[in-house]
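**Student:** target_0.csv (CSV, C-alpha atoms and all ligand atoms) pasted underneath:
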```csv
chain,number,residue,atom,x,y,z
S,1,MET,CA,-28.7,-49.8,-52.5
S,2,SER,CA,-29.4,-49.4,-48.9
S,3,SER,CA,-33.0,-49.0,-48.1
S,4,ASN,CA,-32.2,-45.8,-46.3
S,5,THR,CA,-30.1,-44.2,-49.0
S,6,PRO,CA,-31.6,-41.0,-50.3
S,7,VAL,CA,-32.4,-41.0,-54.0
S,8,ILE,CA,-34.4,-37.8,-54.5
S,9,THR,CA,-34.0,-35.1,-51.9
S,10,GLY,CA,-36.0,-31.9,-51.6
S,11,SER,CA,-37.5,-29.2,-49.4
S,12,CYS,CA,-39.8,-26.3,-49.2
S,13,ARG,CA,-38.5,-22.9,-49.9
S,14,CYS,CA,-37.7,-22.1,-46.2
S,15,ARG,CA,-36.5,-25.7,-45.5
S,16,SER,CA,-38.8,-26.1,-42.5
S,17,VAL,CA,-40.0,-29.2,-44.3
S,18,GLN,CA,-37.5,-31.5,-46.0
S,19,TYR,CA,-37.8,-34.9,-47.5
S,20,TYR,CA,-36.0,-37.7,-49.2
S,21,THR,CA,-37.0,-40.8,-51.1
S,22,THR,CA,-35.4,-44.2,-50.7
S,23,THR,CA,-36.5,-45.3,-54.2
S,24,PRO,CA,-36.6,-43.6,-57.6
S,25,PRO,CA,-39.9,-42.4,-58.9
S,26,ARG,CA,-42.2,-45.1,-60.2
S,27,SER,CA,-41.7,-43.5,-63.6
S,28,LYS,CA,-39.3,-40.9,-65.0
S,29,ALA,CA,-42.3,-39.6,-66.9
S,30,CYS,CA,-43.9,-36.8,-64.9
S,31,ASN,CA,-47.3,-35.2,-65.1
S,32,PHE,CA,-48.0,-31.5,-65.3
S,33,CYS,CA,-51.4,-30.7,-63.8
S,34,HIS,CA,-53.3,-27.8,-65.2
S,35,CYS,CA,-56.3,-28.2,-62.9
S,36,GLN,CA,-57.7,-25.0,-61.4
S,37,THR,CA,-56.8,-26.2,-57.9
S,38,CYS,CA,-53.1,-26.7,-58.7
S,39,ARG,CA,-53.1,-23.4,-60.4
S,40,ARG,CA,-54.6,-21.5,-57.5
S,41,LEU,CA,-52.4,-23.2,-55.0
S,42,SER,CA,-49.2,-22.6,-56.9
S,43,GLY,CA,-50.0,-19.3,-58.5
S,44,ALA,CA,-48.6,-20.8,-61.7
S,45,PRO,CA,-50.0,-22.3,-64.9
S,46,PHE,CA,-49.5,-25.9,-63.7
S,47,LEU,CA,-48.0,-28.1,-61.0
S,48,PRO,CA,-45.5,-30.8,-62.0
S,49,PHE,CA,-45.6,-34.1,-60.1
S,50,ALA,CA,-43.5,-37.3,-60.0
S,51,ASP,CA,-45.1,-40.4,-58.4
S,52,PHE,CA,-43.4,-42.4,-55.7
S,53,ASP,CA,-44.2,-45.3,-53.5
S,54,THR,CA,-45.6,-43.6,-50.5
S,55,ALA,CA,-43.6,-45.7,-48.0
S,56,SER,CA,-40.4,-44.6,-49.7
S,57,VAL,CA,-40.9,-40.9,-49.0
S,58,LEU,CA,-39.6,-39.7,-45.6
S,59,PHE,CA,-40.3,-36.2,-44.4
S,60,PHE,CA,-38.4,-34.5,-41.6
S,61,SER,CA,-38.0,-31.1,-40.1
S,62,ALA,CA,-35.2,-28.6,-40.3
S,63,ALA,CA,-34.0,-29.6,-36.9
S,64,SER,CA,-32.8,-33.0,-38.1
S,65,SER,CA,-31.5,-31.7,-41.5
S,66,LYS,CA,-27.9,-31.6,-40.5
S,67,ALA,CA,-27.8,-35.4,-40.7
S,68,LEU,CA,-28.5,-35.5,-44.4
S,69,PRO,CA,-27.7,-37.1,-46.7
S,70,ASN,CA,-26.9,-40.5,-45.1
S,71,SER,CA,-28.3,-40.7,-41.7
S,72,PRO,CA,-31.1,-38.3,-40.8
S,73,LYS,CA,-31.7,-38.4,-37.1
S,74,SER,CA,-35.3,-39.0,-37.1
S,75,PRO,CA,-36.7,-39.7,-40.5
S,76,PHE,CA,-39.9,-41.5,-40.5
S,77,LYS,CA,-42.1,-42.9,-43.1
S,78,THR,CA,-45.2,-41.1,-44.2
S,79,GLY,CA,-47.5,-43.1,-42.0
S,80,ILE,CA,-49.4,-44.9,-44.7
S,81,ALA,CA,-49.2,-48.6,-44.5
S,82,SER,CA,-48.3,-50.2,-47.8
S,83,THR,CA,-51.1,-52.6,-47.3
S,84,PRO,CA,-53.8,-50.5,-45.5
S,85,SER,CA,-56.1,-52.4,-43.3
S,86,THR,CA,-59.7,-52.4,-44.2
S,87,SER,CA,-60.6,-50.4,-41.2
S,88,ALA,CA,-58.3,-47.7,-42.4
S,89,ALA,CA,-59.6,-47.7,-45.9
S,90,SER,CA,-62.6,-45.5,-45.2
S,91,GLU,CA,-60.6,-43.1,-43.2
S,92,PRO,CA,-57.0,-43.4,-44.0
S,93,ALA,CA,-54.5,-41.3,-42.2
S,94,PRO,CA,-52.5,-39.8,-45.0
S,95,LEU,CA,-49.1,-38.7,-43.8
S,96,GLN,CA,-50.5,-38.5,-40.4
S,97,GLU,CA,-47.3,-39.3,-38.6
S,98,ALA,CA,-45.4,-36.8,-40.8
S,99,VAL,CA,-47.9,-34.1,-40.1
S,100,GLU,CA,-47.7,-34.7,-36.4
S,101,LYS,CA,-43.9,-34.7,-36.3
S,102,VAL,CA,-43.0,-32.0,-38.7
S,103,PRO,CA,-44.6,-28.9,-37.3
S,104,ALA,CA,-44.5,-27.0,-40.6
S,105,LEU,CA,-46.0,-29.8,-42.7
S,106,LYS,CA,-49.7,-29.1,-43.2
S,107,GLU,CA,-52.4,-31.0,-45.0
S,108,TYR,CA,-55.1,-29.5,-47.1
S,109,ARG,CA,-58.1,-31.2,-48.6
S,110,ALA,CA,-59.2,-29.4,-51.7
S,111,SER,CA,-61.6,-32.2,-52.6
S,112,PRO,CA,-63.1,-35.2,-50.7
S,113,HIS,CA,-60.7,-37.5,-52.7
S,114,ALA,CA,-57.2,-36.2,-52.2
S,115,SER,CA,-54.9,-34.5,-49.7
S,116,ARG,CA,-52.2,-32.0,-50.5
S,117,PHE,CA,-49.3,-31.3,-48.3
S,118,PHE,CA,-47.6,-27.9,-48.0
S,119,CYS,CA,-45.3,-25.9,-45.8
S,120,GLY,CA,-47.2,-23.8,-43.3
S,121,ASP,CA,-44.3,-21.5,-42.9
S,122,CYS,CA,-43.5,-20.6,-46.5
S,123,GLY,CA,-46.4,-22.0,-48.4
S,124,SER,CA,-44.5,-24.4,-50.8
S,125,GLN,CA,-46.7,-27.1,-52.3
S,126,LEU,CA,-44.9,-30.4,-51.6
S,127,ALA,CA,-47.0,-33.4,-52.2
S,128,MET,CA,-50.3,-34.9,-53.2
S,129,TRP,CA,-52.0,-38.1,-52.3
S,130,TYR,CA,-55.2,-39.8,-53.5
S,131,ASP,CA,-57.4,-41.7,-51.1
S,132,ALA,CA,-58.0,-44.2,-53.8
S,133,GLU,CA,-54.4,-45.0,-54.2
S,134,PRO,CA,-52.7,-44.7,-50.8
S,135,GLY,CA,-49.5,-46.5,-51.9
S,136,MET,CA,-48.6,-43.6,-54.3
S,137,LEU,CA,-47.5,-40.1,-53.4
S,138,GLY,CA,-46.9,-37.4,-55.9
S,139,LEU,CA,-44.0,-35.0,-55.1
S,140,THR,CA,-43.8,-31.6,-56.8
S,141,LEU,CA,-40.7,-31.4,-59.1
S,142,GLY,CA,-40.1,-27.8,-58.1
S,143,THR,CA,-39.3,-28.8,-54.5
S,144,MET,CA,-36.7,-31.4,-55.5
S,145,ASP,CA,-33.0,-30.8,-55.4
S,146,GLU,CA,-31.9,-30.8,-59.0
S,147,GLU,CA,-28.6,-32.5,-58.1
S,148,SER,CA,-30.5,-35.5,-56.9
S,149,MET,CA,-32.8,-35.5,-60.0
S,150,GLU,CA,-29.7,-35.5,-62.3
S,151,LYS,CA,-28.6,-38.7,-60.7
S,152,ILE,CA,-31.6,-40.5,-62.1
S,153,GLU,CA,-30.4,-42.0,-65.4
S,154,GLY,CA,-32.0,-40.1,-68.2
S,155,GLY,CA,-33.5,-37.6,-65.8
S,156,LEU,CA,-37.1,-36.8,-65.0
S,157,LYS,CA,-39.1,-35.8,-68.0
S,158,GLY,CA,-42.5,-34.3,-68.6
S,159,LYS,CA,-44.7,-37.0,-70.0
S,160,GLY,CA,-48.2,-35.5,-70.0
S,161,HIS,CA,-50.3,-32.5,-69.4
S,162,ILE,CA,-53.3,-33.4,-67.4
S,163,TRP,CA,-56.5,-31.6,-66.7
S,164,VAL,CA,-56.0,-29.6,-69.8
S,165,LYS,CA,-59.6,-28.8,-69.9
S,166,GLU,CA,-59.0,-26.4,-67.0
S,167,LYS,CA,-55.8,-24.9,-68.4
S,168,ALA,CA,-55.5,-21.2,-67.9
S,169,GLY,CA,-56.6,-19.3,-71.0
S,170,TRP,CA,-53.7,-16.9,-70.5
S,171,PHE,CA,-51.2,-19.7,-70.8
S,172,ASP,CA,-50.2,-20.9,-74.3
S,173,LEU,CA,-49.2,-24.5,-73.9
S,174,PRO,CA,-46.3,-25.1,-76.3
S,175,ASP,CA,-46.3,-28.3,-78.4
S,176,ASP,CA,-43.6,-30.1,-76.4
S,177,GLY,CA,-44.5,-33.5,-77.8
S,178,SER,CA,-46.1,-34.6,-74.5
S,179,THR,CA,-49.5,-36.2,-74.3
S,180,ARG,CA,-52.5,-34.0,-73.3
S,181,LEU,CA,-55.4,-35.3,-71.4
S,182,GLU,CA,-58.6,-33.4,-70.8
S,183,THR,CA,-58.7,-34.8,-67.3
S,184,MET,CA,-56.3,-37.2,-65.7
S,185,GLY,CA,-57.0,-40.3,-67.7
S,186,ASN,CA,-57.6,-42.8,-64.9
S,187,SER,CA,-60.5,-40.8,-63.6
S,188,ASP,CA,-62.6,-43.9,-63.0
S,189,ARG,CA,-59.9,-45.0,-60.5
S,190,LEU,CA,-59.0,-41.7,-59.0
S,191,LEU,CA,-62.5,-40.2,-59.4
S,192,GLU,CA,-62.6,-36.5,-60.2
S,193,GLY,CA,-60.4,-35.7,-57.2
S,194,LYS,CA,-57.7,-33.2,-57.5
B,201,ZN,ZN,-41.2,-23.8,-45.9
B,202,ZN,ZN,-54.1,-30.4,-60.4
```
Mind turning this structure into structure tokens?
Ligand SMILES: [Zn+2]
Ligand SMILES: [Zn+2]

**Tutor:**
Amino acid sequence: MSSNTPVITGSCRCRSVQYYTTTPPRSKACNFCHCQTCRRLSGAPFLPFADFDTASVLFFSAASSKALPNSPKSPFKTGIASTPSTSAASEPAPLQEAVEKVPALKEYRASPHASRFFCGDCGSQLAMWYDAEPGMLGLTLGTMDEESMEKIEGGLKGKGHIWVKEKAGWFDLPDDGSTRLETMGNSDRLLEGK
């Protein structure tokens, strides 16, 4: 597989922000986050995420979209070095290059531990990134093109519900066989950030 071949493609609702990944997700098992922040930002009971290697996710603006799927004019990596320097560790530049080059791509810090990325034009929630794990970027399943997801053998599946302790009382979580975590499990590594 060429390193520039799109695997998962996606966009915000208005397509001002588009992306593709050059690798499959780290796992086909996805997390559904019920934390209050995800709920408020989405207006929905939870936000579903799949985790990717940060360096494999390329964002671009609508202006270059005609070049999809094989040769986007000016795709660029998300700006996070796969091996961040120590000087960058305290103040990493999450998606800095993407935020600079894609006018509609905006960053929001809901906590001191994580950045979220959304479209400033239509408001779609696109991605989430933890300071403690810069090599991993979560992309929201709802912004992915389903045709690209279907090409992943076995498809992407929900694996776990996380932050269930903040689940909306008005939402009855059906027993879908997925694991349920009160928080996010690895909270010692990723702090309480969300
Ligand atoms: Zn948009
Ligand atoms: Zn959340």

**Student:** Pick the closest to S:Lys165 from S:Cys14, S:Val7, S:Leu41, S:Cys33: which is it, counting all atoms listed in the file?

**Tutor:**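 So, comparing all the options, the nearest one is S:Cys33.
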
**Student:** Report the distance between atom CA of S:Ala104 and atom CA of S:Ser11 in Å, rounded to one decimal place.

**Tutor:**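 Spanning atom CA of S:Ala104 to atom CA of S:Ser11 is a straight-line distance of 11.5 Å.
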
**Student:** Nearest to S:Ala62: which of S:Gly154, S:Gly160, S:Gly142, S:Gly10 is it, counting all atoms listed in the file?

**Tutor:** S:Gly10

**Student:** Using only C-alpha atoms and all ligand atoms, find each residue of chain S with at least one atom at most 9 Å away from an atom of ligand ZN 202 (chain B); report its shortest atom-to-atom pair and that distance in Å (one decimal), sort the rows by chain and rising residue number, and return the result as CSV.

**Tutor:**
```
residue,atom,partner,partner_atom,distance
S:Phe32,CA,B:ZN202,ZN,7.9
S:Cys33,CA,B:ZN202,ZN,4.4
S:His34,CA,B:ZN202,ZN,5.5
S:Cys35,CA,B:ZN202,ZN,4.0
S:Gln36,CA,B:ZN202,ZN,6.6
S:Thr37,CA,B:ZN202,ZN,5.6
S:Cys38,CA,B:ZN202,ZN,4.2
S:Arg39,CA,B:ZN202,ZN,7.1
S:Phe46,CA,B:ZN202,ZN,7.2
S:Leu47,CA,B:ZN202,ZN,6.5
S:Pro48,CA,B:ZN202,ZN,8.8
S:Ile162,CA,B:ZN202,ZN,7.7
S:Trp163,CA,B:ZN202,ZN,6.8
S:Met184,CA,B:ZN202,ZN,8.9
S:Gly193,CA,B:ZN202,ZN,8.8
S:Lys194,CA,B:ZN202,ZN,5.4
```

**Student:** With all atoms listed in the file as the basis for distance, which of S:Ser124, S:Thr143, S:Ser56, S:Thr5 is at the shortest distance from ligand ZN 201 (chain B)?

**Tutor:**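 That would be S:Ser124, the residue with the smallest distance to ligand ZN 201 (chain B).
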
**Student:** What's the separation between atom CA of S:Gly120 and atom CA of S:Thr21, in Å to one decimal place?

**Tutor:** 21.3 Å

**Student:** Using only C-alpha atoms and all ligand atoms, can you tell me which of S:Gln125, S:Thr23, S:Asn4, S:Ser42 comes closest to ligand ZN 201 (chain B)?

**Tutor:** S:Gln125

**Student:** If you measure from atom CA of S:Tyr19 to atom CA of S:Lys151, what distance in Å do you get, rounded to one decimal?

**Tutor:**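 If I compute the distance from atom CA of S:Tyr19 to atom CA of S:Lys151, I get 16.5 Å.
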